[in-house]
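Read through the structure below, which is laid out as structure tokens, and then see the notes.
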Amino acid sequence: MMKIEELILETTAIEQQYEFYTQILNLKVVEKSTTSFSIKAGTSILTFKYNKNAKTYHFAFNIPANKIEEALCWLKERVVVMDVEGKPIANFKAWNAVAIYFYDKANNIVEFIARKNLKQETKQRFDSSQILNVSEIGIPTSNIELLYSEINKIKEIAIFDDGFDRFCALGDEEGLFILIDKNKKKWYPQDDIVYSSPFEIKGTFNFKFNGEKIESTL
């Protein structure tokens, strides 16, 4: 299984983001400075670093397969949940998964996704402690096939869904890189503008994305 141990993103709103993830989503602080902070999200660490030129991202957290309705109620007390074709929960039949979307304070698209194939269920009432891990990061590009080749050179990775035209998911249900052609597609579910935002990832794959190319950090 593909593991995302740490995802490092940039933001223009470091204090607002800190308040959002610690006070609204109630995630535990791992480390904090004046220009960055890290929070614990299940088995993953999510880090934000200040950059005055930062743009937005699209990323996801796995939650238990049987907790989507409880997660929806929990989120509605804290954030505005996005509308997905007239409903608050997206149903991805091909992936045997359901998902909820909302914005954080920097307008990143954040997703809670319950993947039934993982069979990770719990009887505990949903709260932030039920977040399992960071499971997806969107990577915009103008050449999906080329970016796939760059990632595959670092370590072999399977194509999870689709192909090289508009959208390609790489990895598995534990961790996915969501490659999209930024010239052909906008972010689901509300057609947000796609930005090629730099990030760093640690885990099964260790690399930096500078907005265009992949650079291994091993």
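In the structure tokens, each chain is lettered A, B, ... as it comes, each chain's residues begin at 1, and ligands are numbered from 1 in order of appearance.
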
Can you tell me, as a PDB file with N, CA and C atoms, in the first residue's frame, what residues are no more than 9 Å from stretch 12-28 of chain A when counting only C-alpha atoms, ignoring any on the same chain fewer than 6 positions away?
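What follows is the written file result10.pdb:
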ATOM      1  N   THR A  34       6.736  30.512  13.708  1.00  0.00           N
ATOM      2  CA  THR A  34       6.065  31.692  13.165  1.00  0.00           C
ATOM      3  C   THR A  34       5.749  31.553  11.679  1.00  0.00           C
ATOM      4  N   THR A  35       6.426  30.634  11.009  1.00  0.00           N
ATOM      5  CA  THR A  35       6.248  30.503   9.557  1.00  0.00           C
ATOM      6  C   THR A  35       5.738  29.138   9.106  1.00  0.00           C
ATOM      7  N   SER A  36       5.467  28.237  10.040  1.00  0.00           N
ATOM      8  CA  SER A  36       4.982  26.913   9.654  1.00  0.00           C
ATOM      9  C   SER A  36       4.322  26.225  10.839  1.00  0.00           C
ATOM     10  N   PHE A  37       3.545  25.195  10.529  1.00  0.00           N
ATOM     11  CA  PHE A  37       3.012  24.324  11.573  1.00  0.00           C
ATOM     12  C   PHE A  37       2.717  22.955  10.974  1.00  0.00           C
ATOM     13  N   SER A  38       2.715  21.947  11.839  1.00  0.00           N
ATOM     14  CA  SER A  38       2.414  20.583  11.439  1.00  0.00           C
ATOM     15  C   SER A  38       1.345  20.027  12.364  1.00  0.00           C
ATOM     16  N   ILE A  39       0.380  19.310  11.772  1.00  0.00           N
ATOM     17  CA  ILE A  39      -0.665  18.674  12.574  1.00  0.00           C
ATOM     18  C   ILE A  39      -0.705  17.179  12.247  1.00  0.00           C
ATOM     19  N   LYS A  40      -1.203  16.418  13.200  1.00  0.00           N
ATOM     20  CA  LYS A  40      -1.310  14.972  13.062  1.00  0.00           C
ATOM     21  C   LYS A  40      -2.680  14.631  12.496  1.00  0.00           C
ATOM     22  N   ALA A  41      -2.709  13.900  11.392  1.00  0.00           N
ATOM     23  CA  ALA A  41      -3.955  13.464  10.773  1.00  0.00           C
ATOM     24  C   ALA A  41      -3.890  11.953  10.604  1.00  0.00           C
ATOM     25  N   PHE A  48       1.985  22.985   6.892  1.00  0.00           N
ATOM     26  CA  PHE A  48       1.822  24.191   6.090  1.00  0.00           C
ATOM     27  C   PHE A  48       2.992  25.128   6.360  1.00  0.00           C
ATOM     28  N   LYS A  49       3.567  25.681   5.289  1.00  0.00           N
ATOM     29  CA  LYS A  49       4.646  26.655   5.397  1.00  0.00           C
ATOM     30  C   LYS A  49       4.211  27.956   4.718  1.00  0.00           C
ATOM     31  N   TYR A  50       4.591  29.066   5.319  1.00  0.00           N
ATOM     32  CA  TYR A  50       4.202  30.358   4.759  1.00  0.00           C
ATOM     33  C   TYR A  50       4.958  30.658   3.468  1.00  0.00           C
ATOM     34  N   ASN A  51       4.213  31.126   2.476  1.00  0.00           N
ATOM     35  CA  ASN A  51       4.782  31.649   1.238  1.00  0.00           C
ATOM     36  C   ASN A  51       3.813  32.700   0.717  1.00  0.00           C
ATOM     37  N   LYS A  52       4.284  33.912   0.566  1.00  0.00           N
ATOM     38  CA  LYS A  52       3.402  35.008   0.152  1.00  0.00           C
ATOM     39  C   LYS A  52       2.808  34.801  -1.238  1.00  0.00           C
ATOM     40  N   ASN A  53       3.411  33.899  -2.018  1.00  0.00           N
ATOM     41  CA  ASN A  53       2.925  33.636  -3.379  1.00  0.00           C
ATOM     42  C   ASN A  53       2.160  32.323  -3.494  1.00  0.00           C
ATOM     43  N   ALA A  54       1.829  31.713  -2.372  1.00  0.00           N
ATOM     44  CA  ALA A  54       1.175  30.395  -2.402  1.00  0.00           C
ATOM     45  C   ALA A  54      -0.187  30.451  -3.085  1.00  0.00           C
ATOM     46  N   LYS A  55      -0.505  29.367  -3.781  1.00  0.00           N
ATOM     47  CA  LYS A  55      -1.819  29.203  -4.399  1.00  0.00           C
ATOM     48  C   LYS A  55      -2.543  28.057  -3.670  1.00  0.00           C
ATOM     49  N   LEU A  75     -18.991  17.807  10.299  1.00  0.00           N
ATOM     50  CA  LEU A  75     -18.463  18.909   9.501  1.00  0.00           C
ATOM     51  C   LEU A  75     -19.449  20.074   9.406  1.00  0.00           C
ATOM     52  N   ARG A  78     -19.137  22.829  11.691  1.00  0.00           N
ATOM     53  CA  ARG A  78     -17.863  23.542  11.669  1.00  0.00           C
ATOM     54  C   ARG A  78     -17.574  24.307  10.391  1.00  0.00           C
ATOM     55  N   VAL A  79     -18.009  23.789   9.252  1.00  0.00           N
ATOM     56  CA  VAL A  79     -17.683  24.386   7.958  1.00  0.00           C
ATOM     57  C   VAL A  79     -18.906  24.359   7.045  1.00  0.00           C
ATOM     58  N   ASP A 104     -10.796  25.000   3.323  1.00  0.00           N
ATOM     59  CA  ASP A 104     -10.148  25.499   4.537  1.00  0.00           C
ATOM     60  C   ASP A 104     -10.014  27.019   4.411  1.00  0.00           C
ATOM     61  N   LYS A 105      -9.278  27.657   5.328  1.00  0.00           N
ATOM     62  CA  LYS A 105      -9.205  29.120   5.351  1.00  0.00           C
ATOM     63  C   LYS A 105      -8.377  29.714   4.216  1.00  0.00           C
ATOM     64  N   ALA A 106      -7.639  28.889   3.504  1.00  0.00           N
ATOM     65  CA  ALA A 106      -6.868  29.369   2.353  1.00  0.00           C
ATOM     66  C   ALA A 106      -7.523  28.978   1.033  1.00  0.00           C
ATOM     67  N   ASP A 127     -15.233  11.856  15.101  1.00  0.00           N
ATOM     68  CA  ASP A 127     -14.616  13.147  15.381  1.00  0.00           C
ATOM     69  C   ASP A 127     -13.263  13.144  14.677  1.00  0.00           C
ATOM     70  N   SER A 128     -12.429  14.148  14.925  1.00  0.00           N
ATOM     71  CA  SER A 128     -11.175  14.263  14.185  1.00  0.00           C
ATOM     72  C   SER A 128     -10.222  13.101  14.432  1.00  0.00           C
ATOM     73  N   SER A 129     -10.404  12.395  15.538  1.00  0.00           N
ATOM     74  CA  SER A 129      -9.546  11.240  15.815  1.00  0.00           C
ATOM     75  C   SER A 129      -9.822  10.087  14.858  1.00  0.00           C
TER      76      SER A 129
END

field: Residues near A:Asn133, cut-off 6 Å, only C-alpha atoms, skip fewer than 6 positions along chain, as a VMD selection string
entry: chain A and resid 41 to 44 61 to 62

query: If we count only C-alpha atoms, what is near A:Ala169 at a cut-off of 12 Å, once residues fewer than 4 positions away on the same chain are taken out, given as a PyMOL selection string?
result: chain A and resi 95+135-140+144-145+147-148+157-165+173+175-181

Kindly assemble as JSON lines a list of the stretch 19-95 of chain A residues that lie within 10 Å of stretch 186-193 of chain A, each paired with its nearest atom pair and their distance in Å to one decimal, using only C-alpha atoms, sorted first by chain and then by ascending residue number.
{"residue": "A:Thr56", "atom": "CA", "partner": "A:Ile193", "partner_atom": "CA", "distance": 8.9}
{"residue": "A:Tyr57", "atom": "CA", "partner": "A:Trp187", "partner_atom": "CA", "distance": 9.5}
{"residue": "A:His58", "atom": "CA", "partner": "A:Trp187", "partner_atom": "CA", "distance": 7.6}
{"residue": "A:Met82", "atom": "CA", "partner": "A:Pro189", "partner_atom": "CA", "distance": 7.8}
{"residue": "A:Asp83", "atom": "CA", "partner": "A:Pro189", "partner_atom": "CA", "distance": 7.7}
{"residue": "A:Val84", "atom": "CA", "partner": "A:Pro189", "partner_atom": "CA", "distance": 5.9}
{"residue": "A:Glu85", "atom": "CA", "partner": "A:Pro189", "partner_atom": "CA", "distance": 8.1}
{"residue": "A:Ala90", "atom": "CA", "partner": "A:Pro189", "partner_atom": "CA", "distance": 8.6}

- line: In Å and to one decimal, atom CA of A:Asn210 is distant from atom CA of A:Tyr195 by 11.6 Å

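Nearest residue to A:Lys185 among A:Glu6, A:Ser142, A:Tyr101, A:Ile154 is A:Ser142, counting only C-alpha atoms.
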
task: Apply DSSP to the backbone of this structure and, from stretch 67-119 of chain A, keep only the residues in strand (DSSP E); write these as a VMD selection string.
output: chain A and resid 90 to 92 97 to 103 109 to 115

Stretch 206-208 of chain A: which residues within 12 Å, counting only C-alpha atoms, same-chain residues fewer than 4 positions away excluded, as a tab-separated table (two decimals) with N, CA and C atoms, in the first residue's frame?
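Result went into part38.tsv, see below:
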chain	number	residue	atom	x	y	z
A	2	MET	N	0.39	2.28	-0.68
A	2	MET	CA	1.14	3.52	-0.75
A	2	MET	C	0.84	4.38	0.48
A	3	LYS	N	1.88	4.82	1.17
A	3	LYS	CA	1.73	5.60	2.39
A	3	LYS	C	2.16	7.04	2.17
A	4	ILE	N	1.32	7.97	2.59
A	4	ILE	CA	1.70	9.38	2.63
A	4	ILE	C	1.98	9.71	4.09
A	5	GLU	N	3.26	9.73	4.44
A	5	GLU	CA	3.63	9.97	5.84
A	5	GLU	C	3.57	11.46	6.17
A	6	GLU	N	3.99	12.30	5.21
A	6	GLU	CA	3.88	13.74	5.42
A	6	GLU	C	3.63	14.44	4.10
A	7	LEU	N	2.72	15.40	4.14
A	7	LEU	CA	2.43	16.25	3.00
A	7	LEU	C	2.71	17.69	3.41
A	8	ILE	N	3.61	18.36	2.68
A	8	ILE	CA	4.04	19.71	3.03
A	8	ILE	C	3.52	20.68	1.95
A	9	LEU	N	2.64	21.58	2.37
A	9	LEU	CA	2.01	22.54	1.47
A	9	LEU	C	2.40	23.96	1.85
A	139	ILE	N	-2.23	16.90	-8.41
A	139	ILE	CA	-1.03	17.42	-9.06
A	139	ILE	C	-1.39	17.88	-10.47
A	150	GLU	N	7.88	10.70	-14.79
A	150	GLU	CA	8.82	11.23	-13.80
A	150	GLU	C	8.63	10.56	-12.44
A	151	ILE	N	7.37	10.41	-12.03
A	151	ILE	CA	7.09	9.75	-10.75
A	151	ILE	C	7.49	8.29	-10.81
A	152	ASN	N	7.22	7.65	-11.93
A	152	ASN	CA	7.51	6.23	-12.09
A	152	ASN	C	9.01	5.94	-12.10
A	153	LYS	N	9.82	6.94	-12.48
A	153	LYS	CA	11.27	6.78	-12.45
A	153	LYS	C	11.78	6.72	-11.01
A	154	ILE	N	11.12	7.44	-10.11
A	154	ILE	CA	11.50	7.42	-8.71
A	154	ILE	C	11.21	6.05	-8.11
A	155	LYS	N	10.02	5.57	-8.38
A	155	LYS	CA	9.60	4.24	-7.93
A	155	LYS	C	8.39	3.83	-8.77
A	197	SER	N	0.59	24.20	-7.78
A	197	SER	CA	1.18	24.66	-6.53
A	197	SER	C	2.27	23.72	-6.05
A	198	PRO	N	3.42	24.25	-5.67
A	198	PRO	CA	4.53	23.41	-5.18
A	198	PRO	C	4.18	22.71	-3.87
A	199	PHE	N	4.69	21.50	-3.70
A	199	PHE	CA	4.52	20.78	-2.45
A	199	PHE	C	5.65	19.76	-2.32
A	200	GLU	N	5.75	19.19	-1.12
A	200	GLU	CA	6.70	18.10	-0.88
A	200	GLU	C	5.95	16.95	-0.23
A	201	ILE	N	6.34	15.73	-0.58
A	201	ILE	CA	5.70	14.55	0.00
A	201	ILE	C	6.76	13.60	0.54
A	202	LYS	N	6.41	12.94	1.65
A	202	LYS	CA	7.31	11.96	2.26
A	202	LYS	C	6.51	10.70	2.56
A	212	GLU	N	5.95	22.28	-11.81
A	212	GLU	CA	6.10	21.75	-13.17
A	212	GLU	C	6.74	20.36	-13.17
A	213	LYS	N	7.82	20.21	-12.38
A	213	LYS	CA	8.59	18.97	-12.43
A	213	LYS	C	8.72	18.34	-11.05
A	214	ILE	N	9.07	17.06	-11.07
A	214	ILE	CA	9.29	16.25	-9.88
A	214	ILE	C	10.80	16.16	-9.61
A	215	GLU	N	11.17	16.33	-8.33
A	215	GLU	CA	12.56	16.15	-7.94
A	215	GLU	C	12.63	15.22	-6.72
A	216	SER	N	13.30	14.08	-6.87
A	216	SER	CA	13.42	13.14	-5.76
A	216	SER	C	14.18	13.77	-4.61
A	217	THR	N	13.76	13.49	-3.38
A	217	THR	CA	14.42	14.04	-2.19
A	217	THR	C	15.17	12.95	-1.41
A	218	LEU	N	15.32	11.78	-1.99
A	218	LEU	CA	16.05	10.71	-1.31
A	218	LEU	C	17.56	10.88	-1.55

task: Give me, please, the distance in Å between atom CA of A:Cys73 and atom CA of A:Glu31, quoted to one decimal.
output: 29.1 Å

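Compared by their closest atoms to A:Gly171, and using only C-alpha atoms, the residues A:Phe205, A:Phe59, A:Asn183, A:Leu132 rank with A:Phe205 nearest.
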
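Across the structure, atom CA of A:Gly86 and atom CA of A:Gln130 are spaced 26.5 Å apart.
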
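Running DSSP on the backbone and keeping only alpha helix (DSSP H), the residues of stretch 8-195 of chain A that qualify are A:Ile14, A:Glu15, A:Gln16, A:Gln17, A:Tyr18, A:Glu19, A:Ile68, A:Glu69, A:Glu70, A:Ala71, A:Leu72, A:Cys73, A:Trp74, A:Leu75, A:Lys76, A:Ile144, A:Glu145, A:Leu146, A:Leu147, A:Tyr148, A:Ser149, A:Glu150, A:Ile151, A:Asn152, A:Lys153, A:Ile154.
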
task: Show which residues sit within 9 Å of stretch 63-66 of chain A, as an MDAnalysis selection string. Count only C-alpha atoms, and ignore same-chain residues fewer than 4 positions away.
output: chainID A and resid 70:71 97:98 112:123 126 130:133

Create the file for the chosen residues now, containing C-alpha atoms and written as an mmCIF file, in the first residue's frame.
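Listed below is the output, out_8.cif:
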data_model
loop_
_atom_site.group_PDB
_atom_site.id
_atom_site.type_symbol
_atom_site.label_atom_id
_atom_site.label_comp_id
_atom_site.auth_asym_id
_atom_site.auth_seq_id
_atom_site.Cartn_x
_atom_site.Cartn_y
_atom_site.Cartn_z
ATOM 1 C CA GLU A 70 -21.557 11.028 10.887
ATOM 2 C CA ALA A 71 -18.656 12.910 9.317
ATOM 3 C CA ALA A 97 -16.298 5.207 -2.161
ATOM 4 C CA VAL A 98 -18.219 8.274 -0.984
ATOM 5 C CA PHE A 112 -13.114 13.405 3.477
ATOM 6 C CA ILE A 113 -13.382 10.118 1.580
ATOM 7 C CA ALA A 114 -14.699 6.793 2.875
ATOM 8 C CA ARG A 115 -13.374 3.886 0.820
ATOM 9 C CA LYS A 116 -15.409 0.755 1.395
ATOM 10 C CA ASN A 117 -12.790 -1.535 -0.162
ATOM 11 C CA LEU A 118 -10.362 -0.726 2.660
ATOM 12 C CA LYS A 119 -12.833 -2.190 5.174
ATOM 13 C CA GLN A 120 -11.664 0.270 7.835
ATOM 14 C CA GLU A 121 -14.729 0.594 10.049
ATOM 15 C CA THR A 122 -15.281 1.687 13.622
ATOM 16 C CA LYS A 123 -18.081 1.821 16.181
ATOM 17 C CA PHE A 126 -16.978 10.346 14.425
ATOM 18 C CA GLN A 130 -11.293 9.117 13.174
ATOM 19 C CA ILE A 131 -9.295 10.693 10.333
ATOM 20 C CA LEU A 132 -7.107 7.832 9.119
ATOM 21 C CA ASN A 133 -4.472 9.527 6.950
#
